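What's in upload_27.csv: CSV, C-alpha atoms
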chain,number,residue,atom,x,y,z
L,1,MET,CA,-49.8,77.8,-167.7
L,2,ARG,CA,-49.5,80.8,-170.1
L,3,SER,CA,-46.3,82.7,-170.4
L,4,ALA,CA,-46.2,86.5,-170.6
L,5,ALA,CA,-44.8,86.2,-174.1
L,6,GLU,CA,-47.8,84.2,-175.3
L,7,GLU,CA,-50.1,87.0,-174.0
L,8,GLY,CA,-48.0,89.6,-175.9
L,9,LEU,CA,-46.5,90.9,-172.6
L,10,ALA,CA,-42.9,91.3,-171.5
L,11,LEU,CA,-41.3,91.6,-168.1
L,12,CYS,CA,-38.9,94.4,-167.5
L,13,ARG,CA,-35.8,92.6,-166.4
L,14,TYR,CA,-34.9,95.2,-163.8
L,15,CYS,CA,-38.0,96.6,-162.1
L,16,ARG,CA,-40.3,93.6,-162.9
L,17,THR,CA,-43.0,95.6,-164.4
L,18,VAL,CA,-45.2,93.8,-166.9
L,19,VAL,CA,-45.7,95.8,-170.1
L,20,PRO,CA,-46.9,95.1,-173.7
L,21,ALA,CA,-44.0,93.4,-175.6
L,22,ASP,CA,-44.0,96.1,-178.3
L,23,GLU,CA,-43.2,98.8,-175.8
L,24,PRO,CA,-39.6,100.0,-176.6
L,25,ARG,CA,-38.8,101.1,-173.0
L,26,CYS,CA,-40.0,100.3,-169.6
L,27,PRO,CA,-42.3,103.2,-168.4
L,28,VAL,CA,-41.0,102.8,-164.8
L,29,CYS,CA,-37.2,102.4,-165.1
L,30,HIS,CA,-36.7,103.3,-168.8
L,31,ASP,CA,-34.7,100.2,-169.5
L,32,ARG,CA,-35.0,98.6,-173.0
L,33,ILE,CA,-37.8,96.0,-173.2
L,34,VAL,CA,-36.4,92.9,-174.8
L,35,LEU,CA,-38.8,90.0,-175.1
L,36,ARG,CA,-36.1,87.5,-175.9
L,37,GLN,CA,-32.6,88.6,-176.9
L,38,PRO,CA,-32.2,88.1,-180.6
L,39,ARG,CA,-29.4,85.8,-181.7
L,40,GLN,CA,-29.0,84.9,-178.1
L,41,LEU,CA,-27.3,81.5,-178.8
L,42,GLN,CA,-24.8,83.1,-181.1
L,43,ARG,CA,-23.7,85.3,-178.2
L,44,VAL,CA,-23.5,82.4,-175.9
L,45,TRP,CA,-21.4,80.4,-178.4
L,46,ALA,CA,-19.2,83.4,-179.2
L,47,PHE,CA,-18.3,84.0,-175.6
L,48,TRP,CA,-17.9,80.2,-175.0
L,49,LEU,CA,-15.4,79.9,-177.9
L,50,VAL,CA,-13.3,82.9,-176.7
L,51,ALA,CA,-13.2,81.3,-173.2
L,52,LEU,CA,-12.2,77.9,-174.7
L,53,ILE,CA,-9.5,79.3,-176.9
L,54,ALA,CA,-8.0,81.3,-173.9
L,55,TYR,CA,-8.2,78.1,-171.8
L,56,VAL,CA,-5.4,76.4,-173.9
L,57,PRO,CA,-2.6,78.9,-173.1
L,58,ALA,CA,-4.0,79.3,-169.6
L,59,ASN,CA,-3.2,75.6,-168.9
L,60,LEU,CA,0.0,75.3,-170.9
L,61,LEU,CA,1.8,78.5,-169.9
L,62,PRO,CA,3.1,79.1,-166.3
L,63,ILE,CA,0.8,81.3,-164.2
L,64,MET,CA,3.7,82.2,-161.9
L,65,GLU,CA,7.3,81.7,-161.2
L,66,THR,CA,8.9,81.4,-157.8
L,67,VAL,CA,12.5,82.6,-157.6
L,68,THR,CA,14.3,81.2,-154.6
L,69,LEU,CA,18.0,82.1,-154.1
L,70,GLY,CA,18.4,82.9,-157.8
L,71,ARG,CA,16.7,79.7,-159.0
L,72,GLY,CA,13.5,80.1,-160.9
L,73,ASP,CA,10.6,77.6,-160.7
L,74,PRO,CA,7.8,78.3,-163.2
L,75,GLN,CA,4.4,76.8,-162.2
L,76,THR,CA,1.4,76.0,-164.3
L,77,ILE,CA,-2.1,75.7,-162.8
L,78,ILE,CA,-2.0,72.0,-162.4
L,79,GLY,CA,1.7,72.2,-161.3
L,80,GLY,CA,0.5,74.5,-158.5
L,81,VAL,CA,-1.9,71.8,-157.3
L,82,PHE,CA,0.9,69.2,-157.3
L,83,VAL,CA,3.1,71.5,-155.2
L,84,LEU,CA,0.3,71.9,-152.6
L,85,LEU,CA,-0.1,68.1,-152.6
L,86,GLU,CA,3.7,67.6,-152.0
L,87,HIS,CA,3.4,69.9,-149.0
L,88,HIS,CA,0.5,67.9,-147.7
L,89,ASP,CA,-1.9,70.8,-147.9
L,90,TYR,CA,-4.6,68.5,-149.2
L,91,PHE,CA,-7.6,70.8,-148.4
L,92,ILE,CA,-6.1,73.8,-150.2
L,93,ALA,CA,-5.0,71.6,-153.1
L,94,GLY,CA,-8.6,70.4,-153.3
L,95,VAL,CA,-9.9,74.0,-153.3
L,96,VAL,CA,-7.5,75.1,-156.1
L,97,PHE,CA,-8.2,71.9,-158.1
L,98,VAL,CA,-11.9,72.4,-157.9
L,99,ALA,CA,-11.9,76.1,-158.6
L,100,SER,CA,-9.2,76.1,-161.4
L,101,ILE,CA,-9.7,72.8,-163.1
L,102,ILE,CA,-13.0,71.1,-162.3
L,103,ILE,CA,-15.2,74.2,-162.5
L,104,PRO,CA,-13.9,75.6,-165.8
L,105,THR,CA,-14.0,72.3,-167.6
L,106,ALA,CA,-17.4,71.3,-166.2
L,107,LYS,CA,-18.6,74.7,-167.2
L,108,PHE,CA,-17.6,74.4,-170.8
L,109,GLY,CA,-19.5,71.1,-171.0
L,110,ALA,CA,-22.5,72.5,-169.1
L,111,ILE,CA,-22.9,75.7,-171.1
L,112,GLY,CA,-22.4,73.8,-174.4
L,113,TRP,CA,-25.1,71.2,-173.4
L,114,LEU,CA,-27.5,74.0,-172.3
L,115,ALA,CA,-27.0,75.9,-175.6
L,116,ILE,CA,-27.6,72.8,-177.6
L,117,ALA,CA,-30.7,72.0,-175.6
L,118,ALA,CA,-31.9,75.6,-176.1
L,119,ALA,CA,-31.5,75.2,-179.9
L,120,ARG,CA,-33.8,72.2,-180.1
L,121,THR,CA,-37.4,72.7,-181.2
L,122,ARG,CA,-38.8,71.2,-178.0
L,123,VAL,CA,-37.6,70.7,-174.4
L,124,ARG,CA,-39.0,68.0,-172.2
L,125,HIS,CA,-37.4,68.8,-168.8
L,126,PRO,CA,-36.8,72.6,-168.6
L,127,GLU,CA,-36.5,72.5,-164.8
L,128,GLY,CA,-33.4,70.4,-165.0
L,129,LEU,CA,-31.7,72.6,-167.5
L,130,HIS,CA,-32.8,75.6,-165.6
L,131,ARG,CA,-31.2,74.2,-162.4
L,132,VAL,CA,-27.9,73.5,-164.2
L,133,HIS,CA,-27.9,77.0,-165.5
L,134,ARG,CA,-28.4,78.5,-162.0
L,135,VAL,CA,-25.5,76.4,-160.6
L,136,VAL,CA,-23.2,77.4,-163.5
L,137,GLU,CA,-24.0,81.1,-162.8
L,138,LEU,CA,-23.5,80.7,-159.1
L,139,VAL,CA,-20.2,78.8,-159.2
L,140,GLY,CA,-18.4,80.1,-162.2
L,141,ARG,CA,-17.0,83.2,-160.7
L,142,TRP,CA,-15.1,81.2,-158.0
L,143,SER,CA,-12.6,80.1,-160.7
L,144,MET,CA,-11.1,83.6,-160.3
L,145,ILE,CA,-9.4,82.3,-157.1
L,146,ASP,CA,-6.2,81.3,-158.9
L,147,VAL,CA,-5.8,84.7,-160.5
L,148,PHE,CA,-6.0,86.4,-157.1
L,149,VAL,CA,-3.6,83.8,-155.6
L,150,VAL,CA,-1.0,84.9,-158.2
L,151,ALA,CA,-1.8,88.6,-157.7
L,152,VAL,CA,-1.3,88.3,-153.9
L,153,LEU,CA,1.8,86.2,-154.1
L,154,VAL,CA,3.4,88.5,-156.7
L,155,ALA,CA,2.7,91.6,-154.6
L,156,LEU,CA,3.6,90.0,-151.3
L,157,VAL,CA,6.6,87.7,-151.9
L,158,GLN,CA,9.2,90.3,-152.7
L,159,LEU,CA,12.1,89.3,-150.4
L,160,GLY,CA,15.0,90.1,-152.7
L,161,ALA,CA,17.4,87.2,-153.1
L,162,VAL,CA,15.6,85.0,-150.5
L,163,ALA,CA,12.4,84.6,-152.4
L,164,GLN,CA,10.5,86.4,-155.2
L,165,VAL,CA,7.3,85.5,-157.0
L,166,ARG,CA,6.8,86.8,-160.6
L,167,PRO,CA,3.6,86.5,-162.6
L,168,GLY,CA,3.5,84.1,-165.5
L,169,VAL,CA,1.8,85.1,-168.7
L,170,GLY,CA,-0.7,82.2,-168.3
L,171,VAL,CA,-2.6,84.0,-165.7
L,172,LEU,CA,-4.0,86.5,-168.2
L,173,PRO,CA,-5.6,83.9,-170.5
L,174,PHE,CA,-6.9,82.2,-167.4
L,175,ALA,CA,-8.6,85.4,-166.2
L,176,LEU,CA,-10.1,85.8,-169.7
L,177,THR,CA,-11.4,82.2,-169.6
L,178,VAL,CA,-13.2,83.0,-166.3
L,179,ILE,CA,-14.6,86.3,-167.6
L,180,PHE,CA,-15.8,85.0,-170.9
L,181,SER,CA,-17.4,81.9,-169.5
L,182,MET,CA,-19.3,84.1,-167.1
L,183,LEU,CA,-20.4,86.3,-170.0
L,184,SER,CA,-21.4,83.1,-171.9
L,185,ALA,CA,-23.5,81.7,-169.1
L,186,GLY,CA,-25.0,85.2,-168.5
L,187,ALA,CA,-26.0,85.5,-172.2
L,188,LEU,CA,-28.2,82.4,-171.9
L,189,ASP,CA,-31.8,83.3,-170.9
L,190,PRO,CA,-33.4,80.3,-169.1
L,191,ARG,CA,-36.8,81.4,-170.3
L,192,VAL,CA,-36.0,79.8,-173.7
L,193,PHE,CA,-36.1,76.4,-172.1
L,194,TRP,CA,-39.7,77.1,-170.9
L,195,ASP,CA,-40.7,78.6,-174.2
L,196,LYS,CA,-40.0,75.3,-175.8
L,197,PHE,CA,-41.4,73.2,-173.0
L,198,ASP,CA,-43.4,70.3,-174.4
L,199,PRO,CA,-44.0,67.4,-172.0
L,200,GLU,CA,-45.6,65.1,-174.6
L,201,PRO,CA,-43.5,62.3,-175.9
L,202,LEU,CA,-42.4,62.6,-179.5
L,203,GLN,CA,-44.9,61.3,-182.0
L,204,GLY,CA,-44.7,60.9,-185.7
L,205,SER,CA,-45.6,64.3,-187.1
L,206,ALA,CA,-45.5,66.3,-183.9
L,207,VAL,CA,-43.0,69.2,-183.4
I,208,MET,CA,-55.1,98.5,-162.8
I,209,VAL,CA,-53.5,101.0,-165.1
I,210,THR,CA,-51.4,104.0,-164.5
I,211,ALA,CA,-51.3,107.4,-166.2
I,212,ASP,CA,-48.9,106.1,-168.8
I,213,GLY,CA,-51.6,103.5,-169.5
I,214,ARG,CA,-49.6,100.6,-170.7
I,215,GLU,CA,-48.0,98.8,-167.8
I,216,ARG,CA,-50.0,96.0,-166.2
I,217,LEU,CA,-49.5,96.4,-162.5
I,218,ASP,CA,-52.0,93.6,-161.8
I,219,LEU,CA,-49.7,91.1,-163.4
I,220,LEU,CA,-46.3,89.6,-162.8
I,221,ALA,CA,-44.2,87.3,-165.0
I,222,CYS,CA,-41.7,84.9,-163.6
I,223,PRO,CA,-38.2,86.3,-164.4
I,224,ALA,CA,-36.9,82.7,-164.8
I,225,CYS,CA,-39.6,81.0,-166.9
I,226,ASP,CA,-41.9,83.8,-168.0
I,227,ALA,CA,-45.0,82.2,-166.5
I,228,LEU,CA,-47.7,84.8,-166.1
I,229,HIS,CA,-49.2,85.3,-162.6
I,230,SER,CA,-51.5,87.9,-161.1
I,231,ARG,CA,-49.3,90.1,-158.9
I,232,PRO,CA,-49.6,88.8,-155.4
I,233,ALA,CA,-50.1,91.3,-152.5
I,234,LEU,CA,-47.4,90.4,-150.0
I,235,ASP,CA,-46.9,91.4,-146.4
I,236,GLU,CA,-43.4,92.2,-145.1
I,237,GLY,CA,-41.4,89.0,-144.9
I,238,GLU,CA,-43.4,87.1,-147.4
I,239,VAL,CA,-42.0,85.5,-150.5
I,240,ALA,CA,-43.9,84.4,-153.7
I,241,HIS,CA,-42.6,81.6,-155.8
I,242,CYS,CA,-43.5,80.8,-159.4
I,243,VAL,CA,-46.1,78.0,-159.6
I,244,ARG,CA,-44.3,76.5,-162.6
I,245,CYS,CA,-40.5,76.7,-161.9
I,246,HIS,CA,-40.5,77.7,-158.2
I,247,ALA,CA,-38.2,80.6,-158.7
I,248,VAL,CA,-38.8,83.6,-156.5
I,249,ILE,CA,-41.0,86.0,-158.3
I,250,LEU,CA,-41.6,88.6,-155.6
I,251,ALA,CA,-40.2,89.1,-152.1
I,252,ARG,CA,-41.0,91.7,-149.5
I,253,LYS,CA,-38.3,92.0,-146.9
I,254,HIS,CA,-38.9,92.9,-143.4
I,255,ARG,CA,-38.0,96.5,-142.5
I,256,SER,CA,-35.7,96.6,-145.5
I,257,VAL,CA,-34.3,100.1,-145.6
I,258,ASP,CA,-33.9,100.2,-141.8
I,259,ARG,CA,-31.5,97.4,-142.2
I,260,VAL,CA,-29.8,98.1,-145.5
I,261,VAL,CA,-28.7,101.5,-144.5
I,262,PRO,CA,-26.7,100.5,-141.4
I,263,ALA,CA,-25.3,97.4,-143.1
I,264,ALA,CA,-24.1,99.3,-146.1
I,265,ALA,CA,-22.8,102.2,-144.0
I,266,ALA,CA,-20.8,99.7,-141.9
I,267,ALA,CA,-19.6,98.0,-145.1
I,268,LEU,CA,-18.3,101.4,-146.2
I,269,LEU,CA,-16.4,101.9,-143.0
I,270,ALA,CA,-15.0,98.4,-143.1
I,271,TYR,CA,-14.0,99.1,-146.7
I,272,LEU,CA,-12.0,102.2,-145.7
I,273,VAL,CA,-10.2,100.1,-143.1
I,274,ALA,CA,-9.5,97.4,-145.8
I,275,VAL,CA,-7.9,99.8,-148.2
I,276,THR,CA,-5.9,102.0,-145.8
I,277,PHE,CA,-4.3,99.6,-143.3
I,278,PRO,CA,-1.7,96.9,-143.9
I,279,PHE,CA,-3.3,93.7,-145.3
I,280,VAL,CA,-0.7,90.9,-145.0
I,281,GLY,CA,3.0,90.7,-144.6
I,282,VAL,CA,5.9,88.2,-144.9
I,283,SER,CA,9.3,88.1,-143.4
I,284,GLU,CA,12.3,85.8,-143.7
I,285,ALA,CA,16.0,86.1,-143.0
I,286,GLY,CA,15.8,89.7,-141.9
I,287,LEU,CA,13.9,90.7,-145.1
I,288,ALA,CA,10.3,91.8,-144.8
I,289,ASN,CA,7.5,93.0,-146.9
I,290,GLN,CA,4.1,94.2,-145.8
I,291,ILE,CA,1.4,95.3,-148.2
I,292,SER,CA,-1.9,97.0,-148.1
I,293,VAL,CA,-4.4,96.1,-150.8
I,294,ILE,CA,-3.6,99.3,-152.6
I,295,ASP,CA,0.1,98.5,-152.5
I,296,ALA,CA,-0.7,95.2,-154.1
I,297,VAL,CA,-2.4,96.9,-157.0
I,298,VAL,CA,0.5,99.4,-157.4
I,299,ALA,CA,3.1,96.6,-157.2
I,300,LEU,CA,1.3,94.6,-159.9
I,301,ALA,CA,0.9,97.7,-162.1
I,302,GLU,CA,4.7,98.3,-162.0
I,303,GLY,CA,5.5,94.6,-162.6
I,304,ARG,CA,5.7,92.8,-165.9
I,305,LEU,CA,2.0,91.9,-166.2
I,306,GLY,CA,0.3,95.3,-165.5
I,307,LEU,CA,-3.1,94.0,-166.6
I,308,LEU,CA,-3.2,91.9,-163.5
I,309,ALA,CA,-3.4,95.1,-161.5
I,310,VAL,CA,-6.5,96.0,-163.5
I,311,VAL,CA,-8.2,92.7,-162.8
I,312,LEU,CA,-7.4,93.0,-159.1
I,313,GLY,CA,-8.4,96.7,-158.8
I,314,VAL,CA,-11.6,96.4,-160.8
I,315,PHE,CA,-13.0,93.2,-159.4
I,316,THR,CA,-12.0,93.4,-155.7
I,317,LEU,CA,-11.7,97.1,-155.1
I,318,ALA,CA,-13.8,99.2,-157.5
I,319,PHE,CA,-16.9,97.0,-158.0
I,320,PRO,CA,-17.6,96.3,-154.3
I,321,LEU,CA,-17.2,100.0,-153.5
I,322,TRP,CA,-19.5,101.0,-156.3
I,323,MET,CA,-22.1,98.5,-155.0
I,324,ILE,CA,-21.9,99.9,-151.5
I,325,VAL,CA,-22.2,103.5,-152.7
I,326,SER,CA,-25.1,102.7,-155.0
I,327,LEU,CA,-26.9,100.9,-152.2
I,328,LEU,CA,-26.5,103.9,-149.9
I,329,MET,CA,-27.5,106.4,-152.6
I,330,VAL,CA,-30.8,104.5,-153.1
I,331,THR,CA,-31.7,103.6,-149.6
I,332,VAL,CA,-30.6,106.7,-147.5
I,333,PRO,CA,-33.2,109.1,-149.0
I,334,ILE,CA,-35.9,106.6,-148.6
I,335,ARG,CA,-34.9,105.9,-145.0
I,336,LEU,CA,-35.1,109.6,-144.4
I,337,GLY,CA,-38.7,109.5,-145.6
I,338,ARG,CA,-38.1,111.3,-148.9
I,339,PRO,CA,-39.5,110.1,-152.2
I,340,ALA,CA,-37.2,107.8,-154.3
I,341,PRO,CA,-34.5,109.9,-155.9
I,342,ARG,CA,-34.4,110.4,-159.6
I,343,TYR,CA,-31.3,108.3,-160.0
I,344,ALA,CA,-32.8,105.4,-158.0
I,345,ALA,CA,-33.5,103.2,-161.0
I,346,ALA,CA,-30.1,103.6,-162.4
I,347,GLU,CA,-28.4,102.8,-159.1
I,348,LEU,CA,-30.5,99.7,-158.5
I,349,LYS,CA,-29.5,98.5,-162.0
I,350,VAL,CA,-25.9,99.0,-161.0
I,351,VAL,CA,-26.3,96.9,-157.9
I,352,ARG,CA,-27.9,94.1,-159.9
I,353,ARG,CA,-25.4,94.2,-162.8
I,354,LEU,CA,-22.3,94.3,-160.6
I,355,ALA,CA,-23.3,91.6,-158.1
I,356,PRO,CA,-21.7,88.7,-160.0
I,357,TRP,CA,-18.6,90.8,-160.8
I,358,ALA,CA,-17.8,92.2,-157.3
I,359,MET,CA,-15.3,89.5,-156.2
I,360,ALA,CA,-14.0,90.7,-152.8
I,361,GLU,CA,-14.9,87.4,-151.2
I,362,ILE,CA,-13.1,85.4,-153.9
I,363,PHE,CA,-10.1,87.6,-153.4
I,364,LEU,CA,-10.2,86.7,-149.6
I,365,VAL,CA,-10.2,83.0,-150.4
I,366,GLY,CA,-7.4,83.6,-152.9
I,367,THR,CA,-5.4,85.4,-150.2
I,368,ALA,CA,-5.9,82.5,-147.8
I,369,VAL,CA,-4.6,80.0,-150.5
I,370,SER,CA,-1.6,82.3,-151.1
I,371,LEU,CA,-0.8,82.4,-147.5
I,372,VAL,CA,-0.8,78.6,-147.2
I,373,LYS,CA,1.5,78.5,-150.2
I,374,VAL,CA,3.9,81.0,-148.6
I,375,ALA,CA,3.7,79.5,-145.1
I,376,GLY,CA,6.7,77.2,-145.7
I,377,LEU,CA,8.7,79.9,-147.3
I,378,ALA,CA,8.4,82.8,-144.8
I,379,HIS,CA,6.7,84.1,-141.6
I,380,LEU,CA,3.3,85.6,-142.1
I,381,SER,CA,1.6,88.5,-140.5
I,382,PHE,CA,-2.0,89.8,-140.8
I,383,GLY,CA,-2.9,93.4,-140.7
I,384,PRO,CA,-6.2,95.1,-139.7
I,385,ALA,CA,-7.1,95.3,-143.4
I,386,PHE,CA,-7.6,91.6,-143.6
I,387,LEU,CA,-10.4,91.7,-141.0
I,388,GLY,CA,-11.6,94.9,-142.6
I,389,LEU,CA,-12.0,93.2,-146.0
I,390,LEU,CA,-13.7,90.2,-144.3
I,391,ALA,CA,-16.1,92.6,-142.6
I,392,THR,CA,-16.8,94.4,-145.9
I,393,VAL,CA,-17.6,91.1,-147.6
I,394,VAL,CA,-20.0,90.0,-144.9
I,395,LEU,CA,-21.7,93.4,-144.5
I,396,LEU,CA,-22.1,93.9,-148.2
I,397,ALA,CA,-23.7,90.5,-148.5
I,398,MET,CA,-26.0,91.4,-145.6
I,399,ALA,CA,-27.0,94.7,-147.3
I,400,THR,CA,-27.7,92.9,-150.6
I,401,VAL,CA,-29.9,90.3,-148.8
I,402,TYR,CA,-31.8,92.9,-146.8
I,403,LEU,CA,-32.4,95.0,-149.9
I,404,CYS,CA,-36.1,94.8,-150.9
I,405,GLU,CA,-36.1,95.7,-154.6
I,406,ASP,CA,-39.9,95.5,-154.8
I,407,THR,CA,-40.3,98.2,-152.1
I,408,ILE,CA,-37.9,100.5,-153.9
I,409,TRP,CA,-39.4,99.9,-157.4
I,410,ALA,CA,-42.8,100.7,-155.8
I,411,ALA,CA,-41.3,104.0,-154.5
I,412,VAL,CA,-39.9,104.7,-158.0
I,413,ARG,CA,-43.4,104.0,-159.5
I,414,ALA,CA,-45.1,106.2,-157.0
I,415,ARG,CA,-42.8,109.2,-157.6

Starting from the file, lay out its structure as structure tokens.
Amino acid sequence: MRSAAEEGLALCRYCRTVVPADEPRCPVCHDRIVLRQPRQLQRVWAFWLVALIAYVPANLLPIMETVTLGRGDPQTIIGGVFVLLEHHDYFIAGVVFVASIIIPTAKFGAIGWLAIAAARTRVRHPEGLHRVHRVVELVGRWSMIDVFVVAVLVALVQLGAVAQVRPGVGVLPFALTVIFSMLSAGALDPRVFWDKFDPEPLQGSAV
Amino acid sequence: MVTADGRERLDLLACPACDALHSRPALDEGEVAHCVRCHAVILARKHRSVDRVVPAAAAALLAYLVAVTFPFVGVSEAGLANQISVIDAVVALAEGRLGLLAVVLGVFTLAFPLWMIVSLLMVTVPIRLGRPAPRYAAAELKVVRRLAPWAMAEIFLVGTAVSLVKVAGLAHLSFGPAFLGLLATVVLLAMATVYLCEDTIWAAVRAR
């Protein structure tokens, strides 16, 4: 199986026209023709690192504060899950736990693993890496749930002395984590796995 | 097969996911071609695409107008009540202590879905009317593709559901027409995106 790149051809990522790889712009949709994004893995790691740094305050700082009858009760992300558990809302607690804790943490591991695999000289199972990448891209955006939960609660629960919800600063770094991990996954082009596809087992002087 | 410009290879198609080179398959409506190496979809021709995208996107636009103008959700307790529209929510956040939250909400749940709907209509309506693809068709199709992961109205709806569960013990809840409006927007926009046959539209752009 030959790839387009091996034939000196490139696929326009928008209109799917095949053109010579040295063509600067697609003749159909005029988009820039990029065979493979240069310094791609640097971009992936840069976005990954920003997301990871933002993830620390996102978890340590409260994302919102409920003020009931004058008493304030700040809540972190994990604290919000515990409150839901105390109220026996197990399903919703599960949704928030998966969206806000499982998905972001798993995503850091997954993108890091993919980027390390992409940096190797040869890849033996590109289809597995490719599948992981697709899942990461599909699922990552759902972490935004908690940001919207805070937004709705803050806007909605304004009942004067009875109950008020105020936003906590932690929600901003959390939103940044979601945005930058989406950018990080998006910067990774799964074609690099296939470029390095080599099904032969490693032998002495191969590579 | 070579066009006037001379350099594009319309007889070939590369897999967008693994770059394997294929000869471009001639598909009938409703057929899908998969990559022989990684099985990703390399080409799909949807059945009566523009005939279905236009009504779905137009209905999505109507539903969107309902979603932003009518009350969305409300709470009441001990004689105090607060009812908000989605726009109210953005304004309330902008006036609060974390104004950036209003930007996140406004951009991801309001601006991007609307932009997608409008772009879809701008591309498909002229083609539905039998005109050639408009000059801006390429740009708008790119908008649709780029925005898709960032238009988060459906995630906002789930977030709203979670918020309401959290509030349920604290106050009485009420739903406004905008809740259904936003739900309809999400479903109709998803339908319009699924119906969209990019290949047909790019073919129209090439033929222009």

Can you work out which residues from chain L touch chain I at a cut-off of 7 Å (counting only C-alpha atoms) and hand them back as JSON, numbers by chain? {"L": [1, 2, 3, 4, 11, 14, 15, 17, 18, 19, 20, 28, 29, 92, 127, 142, 144, 145, 146, 148, 149, 151, 152, 153, 155, 156, 158, 159, 167, 190, 191, 194]}

Would you mind listing what lies within 9 Å of Ser326 in chain I as a ChimeraX atom specification, with only C-alpha atoms counted and same-chain residues fewer than 4 positions away left out? /I:321-322,330-331,344,346-348,350-351

Just give me the residues with any atom within 8 Å of (-27.1, 77.5, -179.0), file coordinates, counting all atoms listed in the file, written as a ChimeraX atom specification. /L:40-42,44-45,112,114-119

For the residues selected in the previous step, produce a file with C-alpha atoms as a PDB file, keeping the file's coordinate frame.
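What landed in result_38.pdb:
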ATOM      1  CA  GLN L  40     -29.000  84.900-178.100  1.00  0.00           C
ATOM      2  CA  LEU L  41     -27.300  81.500-178.800  1.00  0.00           C
ATOM      3  CA  GLN L  42     -24.800  83.100-181.100  1.00  0.00           C
ATOM      4  CA  VAL L  44     -23.500  82.400-175.900  1.00  0.00           C
ATOM      5  CA  TRP L  45     -21.400  80.400-178.400  1.00  0.00           C
ATOM      6  CA  GLY L 112     -22.400  73.800-174.400  1.00  0.00           C
ATOM      7  CA  LEU L 114     -27.500  74.000-172.300  1.00  0.00           C
ATOM      8  CA  ALA L 115     -27.000  75.900-175.600  1.00  0.00           C
ATOM      9  CA  ILE L 116     -27.600  72.800-177.600  1.00  0.00           C
ATOM     10  CA  ALA L 117     -30.700  72.000-175.600  1.00  0.00           C
ATOM     11  CA  ALA L 118     -31.900  75.600-176.100  1.00  0.00           C
ATOM     12  CA  ALA L 119     -31.500  75.200-179.900  1.00  0.00           C
TER      13      ALA L 119
END

Measure the distance from CA of Ala99 in chain L to CA of Leu387 in chain I in Å and round it to one decimal.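 CA of Leu387 in chain I lies at a distance of 23.6 Å from CA of Ala99 in chain L.
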
As a check of understanding: the span from CA of Phe91 in chain L to CA of Val147 in chain L is 18.5 Å

Which residue of L:Arg71, L:Arg141, L:Arg131, L:Arg39 approaches Val165 in chain L most closely, using all atoms listed in the file: L:Arg71

Quick one: residues within 10 Å of range 263-276 of chain I, all atoms listed in the file, excluding same-chain residues fewer than 4 positions away - as an mmCIF file with C-alpha atoms, keeping the file's coordinate frame?
data_model
loop_
_atom_site.group_PDB
_atom_site.id
_atom_site.type_symbol
_atom_site.label_atom_id
_atom_site.label_comp_id
_atom_site.auth_asym_id
_atom_site.auth_seq_id
_atom_site.Cartn_x
_atom_site.Cartn_y
_atom_site.Cartn_z
ATOM 1 C CA VAL I 257 -34.300 100.100 -145.600
ATOM 2 C CA ASP I 258 -33.900 100.200 -141.800
ATOM 3 C CA ARG I 259 -31.500 97.400 -142.200
ATOM 4 C CA SER I 292 -1.900 97.000 -148.100
ATOM 5 C CA VAL I 293 -4.400 96.100 -150.800
ATOM 6 C CA ILE I 294 -3.600 99.300 -152.600
ATOM 7 C CA ASP I 295 0.100 98.500 -152.500
ATOM 8 C CA LEU I 317 -11.700 97.100 -155.100
ATOM 9 C CA PRO I 320 -17.600 96.300 -154.300
ATOM 10 C CA LEU I 321 -17.200 100.000 -153.500
ATOM 11 C CA MET I 323 -22.100 98.500 -155.000
ATOM 12 C CA ILE I 324 -21.900 99.900 -151.500
ATOM 13 C CA VAL I 325 -22.200 103.500 -152.700
ATOM 14 C CA SER I 326 -25.100 102.700 -155.000
ATOM 15 C CA LEU I 327 -26.900 100.900 -152.200
ATOM 16 C CA LEU I 328 -26.500 103.900 -149.900
ATOM 17 C CA THR I 331 -31.700 103.600 -149.600
ATOM 18 C CA VAL I 332 -30.600 106.700 -147.500
ATOM 19 C CA GLY I 383 -2.900 93.400 -140.700
ATOM 20 C CA PRO I 384 -6.200 95.100 -139.700
ATOM 21 C CA ALA I 385 -7.100 95.300 -143.400
ATOM 22 C CA PHE I 386 -7.600 91.600 -143.600
ATOM 23 C CA LEU I 387 -10.400 91.700 -141.000
ATOM 24 C CA GLY I 388 -11.600 94.900 -142.600
ATOM 25 C CA LEU I 389 -12.000 93.200 -146.000
ATOM 26 C CA LEU I 390 -13.700 90.200 -144.300
ATOM 27 C CA ALA I 391 -16.100 92.600 -142.600
ATOM 28 C CA THR I 392 -16.800 94.400 -145.900
ATOM 29 C CA VAL I 393 -17.600 91.100 -147.600
ATOM 30 C CA VAL I 394 -20.000 90.000 -144.900
ATOM 31 C CA LEU I 395 -21.700 93.400 -144.500
ATOM 32 C CA LEU I 396 -22.100 93.900 -148.200
ATOM 33 C CA ALA I 397 -23.700 90.500 -148.500
ATOM 34 C CA MET I 398 -26.000 91.400 -145.600
ATOM 35 C CA ALA I 399 -27.000 94.700 -147.300
ATOM 36 C CA THR I 400 -27.700 92.900 -150.600
ATOM 37 C CA TYR I 402 -31.800 92.900 -146.800
#

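We find CA of Ala360 in chain I and CA of Ala318 in chain I to be spaced 9.7 Å apart.
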
Could you list, as a PyMOL selection string, every residue within 9 Å of Arg43 in chain L, counting only C-alpha atoms and ignoring same-chain residues fewer than 4 positions away? chain L and resi 39+47-48+183-184+187-188
